[in-house]
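Read through the structure below, which is laid out as structure tokens, and then see the notes.
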Amino acid sequence: MKSAKVLTGKFFERSTLLVARELLGKYLCRRYHGKTIRLMITEVEAYDGPKDKASHAFRGLTPRTKVMFGPAGYWYVYFTYGMHFMLNIVTGKKGYPAAILIRGVEGIGGPARVTRAFHINGKLNNKKATRTSGIWIEDEEVKIPPSRIKKGPRVGVAYAGPVWSKKKYRFLLKTKILNIIHVLKP
């Protein structure tokens with residue numbers, strides 16, 4: 001098996017929708033108490049720019065959204081509903097607020113469940129996605145055919161209005177693809 005490559009800022013400095021699709025099949029990794037948790041990313045949602053009414057950045061630069069306006073490849077971690085942390089990776093060019101929510105990993109569906117399983121909290125906000133920070137994304141060069149990616153509207157964004165709430169910015173692996181990947185991996 002080839003050693004996995006840690007994704008760097010260059011990977012994330014591209015179009016948010018392209019990066020979102022390409023994150024499927026990559027591995028979210030977290031070093032916690034001397035152990036590494038490592039699971040394949042299976043579902044994401046894109047939040048693309050200042051005009052995206054579903055994005056936190058729609059209302060402009062605030063202390064909360066500042067990280068989204070920064071360089072790509074940094075984590076945007078926020079607290080919601082008074083009980084859950086959400087994990088996002090910043091994408092695009094500096095000054096263009098965009099990020100991708102990690103909604104699911106292999107065997108774990110739902111962004112709050114992902115953050116609980118990976119022991120993610122607000123201390124990781126605005127940290128670079130590197131091994132040094134303790135949370136990063138790896139590429140094992142698993143190729144996901146476009147036919148195995150399902151697109152749909154984002155979850156829980158009805159407040160964004162009929163246009164933005166229906167945008168197909170959610171990407172997930174069709175369930176059968178995970179079985180195929182495991183058969184193909186050495």
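So you can find residues: chains in the structure tokens are A, B, ... in the order shown, residues in each start at 1, and ligands are numbered from 1 in order.
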
Near-range 129-138 of chain A list (10 Å; only C-alpha atoms; drop same-chain fewer than 5 positions) as a ChimeraX atom specification: /A:3-9,23,25-32,36-41,72-75,89-90,118,120,124

With only C-alpha atoms as the counted atoms, please give the residues lying no more than 9 Å from Lys93 in chain A, apart from itself and same-chain residues fewer than 4 positions off, as number ranges by chain. A: 12-15, 69-72, 97-98

Could you list, as a list of chain:residue names, every residue within 10 Å of His56 in chain A, counting only C-alpha atoms and ignoring same-chain residues fewer than 6 positions away?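 The neighbour list is A:Tyr47, A:Gly49, A:Pro50, A:Thr62, A:Arg64, A:Thr65, A:Met68, A:Pro97, A:Ala98, A:Ala99.
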
DSSP on the backbone, then: every residue of chain A marked helix (DSSP H, G or I), written as a VMD selection string. chain A and resid 9 to 12 16 to 23 56 to 59 66 to 69 111 to 117 122 to 124 146 to 148 158 to 164 175 to 184

Give the strand (DSSP E or B) residues of range 120-173 of chain A, as DSSP finds them on the backbone, and put them as a PyMOL selection string. chain A and resi 128+130+135-139+149-152+170-173

Produce a file of the selected residues containing N, CA and C atoms, as a PDB file, in the first residue's frame.
ATOM      1  N   LYS A 128      -4.452  25.083  11.090  1.00  0.00           N
ATOM      2  CA  LYS A 128      -4.142  24.571   9.761  1.00  0.00           C
ATOM      3  C   LYS A 128      -4.331  23.051   9.742  1.00  0.00           C
ATOM      4  N   THR A 130      -3.021  20.066   9.312  1.00  0.00           N
ATOM      5  CA  THR A 130      -1.716  19.409   9.228  1.00  0.00           C
ATOM      6  C   THR A 130      -1.598  18.388  10.352  1.00  0.00           C
ATOM      7  N   ILE A 135      -5.098  17.436  13.333  1.00  0.00           N
ATOM      8  CA  ILE A 135      -6.242  17.075  12.482  1.00  0.00           C
ATOM      9  C   ILE A 135      -5.907  17.453  11.040  1.00  0.00           C
ATOM     10  N   TRP A 136      -6.047  16.492  10.140  1.00  0.00           N
ATOM     11  CA  TRP A 136      -5.648  16.690   8.758  1.00  0.00           C
ATOM     12  C   TRP A 136      -6.453  15.758   7.852  1.00  0.00           C
ATOM     13  N   ILE A 137      -6.234  15.892   6.536  1.00  0.00           N
ATOM     14  CA  ILE A 137      -6.898  15.039   5.550  1.00  0.00           C
ATOM     15  C   ILE A 137      -5.831  14.388   4.682  1.00  0.00           C
ATOM     16  N   GLU A 138      -5.973  13.079   4.475  1.00  0.00           N
ATOM     17  CA  GLU A 138      -5.029  12.322   3.668  1.00  0.00           C
ATOM     18  C   GLU A 138      -5.673  11.821   2.385  1.00  0.00           C
ATOM     19  N   ASP A 139      -4.819  11.656   1.374  1.00  0.00           N
ATOM     20  CA  ASP A 139      -5.232  11.132   0.078  1.00  0.00           C
ATOM     21  C   ASP A 139      -4.506   9.817  -0.167  1.00  0.00           C
ATOM     22  N   ILE A 149     -21.143   9.290  -7.159  1.00  0.00           N
ATOM     23  CA  ILE A 149     -21.347  10.453  -6.295  1.00  0.00           C
ATOM     24  C   ILE A 149     -22.769  10.956  -6.473  1.00  0.00           C
ATOM     25  N   LYS A 150     -23.471  11.067  -5.378  1.00  0.00           N
ATOM     26  CA  LYS A 150     -24.833  11.594  -5.392  1.00  0.00           C
ATOM     27  C   LYS A 150     -24.774  13.066  -4.980  1.00  0.00           C
ATOM     28  N   LYS A 151     -25.513  13.906  -5.701  1.00  0.00           N
ATOM     29  CA  LYS A 151     -25.603  15.333  -5.383  1.00  0.00           C
ATOM     30  C   LYS A 151     -27.017  15.639  -4.913  1.00  0.00           C
ATOM     31  N   GLY A 152     -27.114  16.561  -3.969  1.00  0.00           N
ATOM     32  CA  GLY A 152     -28.436  16.950  -3.509  1.00  0.00           C
ATOM     33  C   GLY A 152     -28.376  18.277  -2.777  1.00  0.00           C
ATOM     34  N   ARG A 170     -24.523  19.466  -1.798  1.00  0.00           N
ATOM     35  CA  ARG A 170     -24.240  18.348  -0.897  1.00  0.00           C
ATOM     36  C   ARG A 170     -23.792  17.180  -1.772  1.00  0.00           C
ATOM     37  N   PHE A 171     -22.675  16.571  -1.390  1.00  0.00           N
ATOM     38  CA  PHE A 171     -22.110  15.472  -2.160  1.00  0.00           C
ATOM     39  C   PHE A 171     -21.909  14.281  -1.228  1.00  0.00           C
ATOM     40  N   LEU A 172     -22.360  13.094  -1.668  1.00  0.00           N
ATOM     41  CA  LEU A 172     -22.150  11.910  -0.852  1.00  0.00           C
ATOM     42  C   LEU A 172     -21.901  10.695  -1.722  1.00  0.00           C
ATOM     43  N   LEU A 173     -21.178   9.753  -1.143  1.00  0.00           N
ATOM     44  CA  LEU A 173     -20.917   8.506  -1.842  1.00  0.00           C
ATOM     45  C   LEU A 173     -22.164   7.649  -1.807  1.00  0.00           C
TER      46      LEU A 173
END

With only C-alpha atoms as the atoms that count, which of A:Gly60, A:Ala112, A:Gly122, A:Ala117 lies nearest to Gly95 in chain A?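 Of all the options, A:Gly60 lies closest to Gly95 in chain A.
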
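For the choices A:Leu18, A:Val157, A:Met86, A:Ile144, the atom-to-atom distance to Asp52 in chain A is smallest for A:Val157 when using only C-alpha atoms.
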
Tell me which of A:Val77, A:Ala20, A:Val142, A:Val114 sits closest to Lys127 in chain A, counting only C-alpha atoms. A:Val77

Go through A:Tyr76, A:Pro162, A:His119, A:Glu43 one by one, measure the shortest atom-to-atom distance of each to Gly107 in chain A using only C-alpha atoms, and give the residue with the smallest value. A:Glu43

Under the rule that only C-alpha atoms are counted, which of A:Val67, A:Lys143, A:Lys166, A:Val155 is the nearest residue to Thr91 in chain A? A:Val67
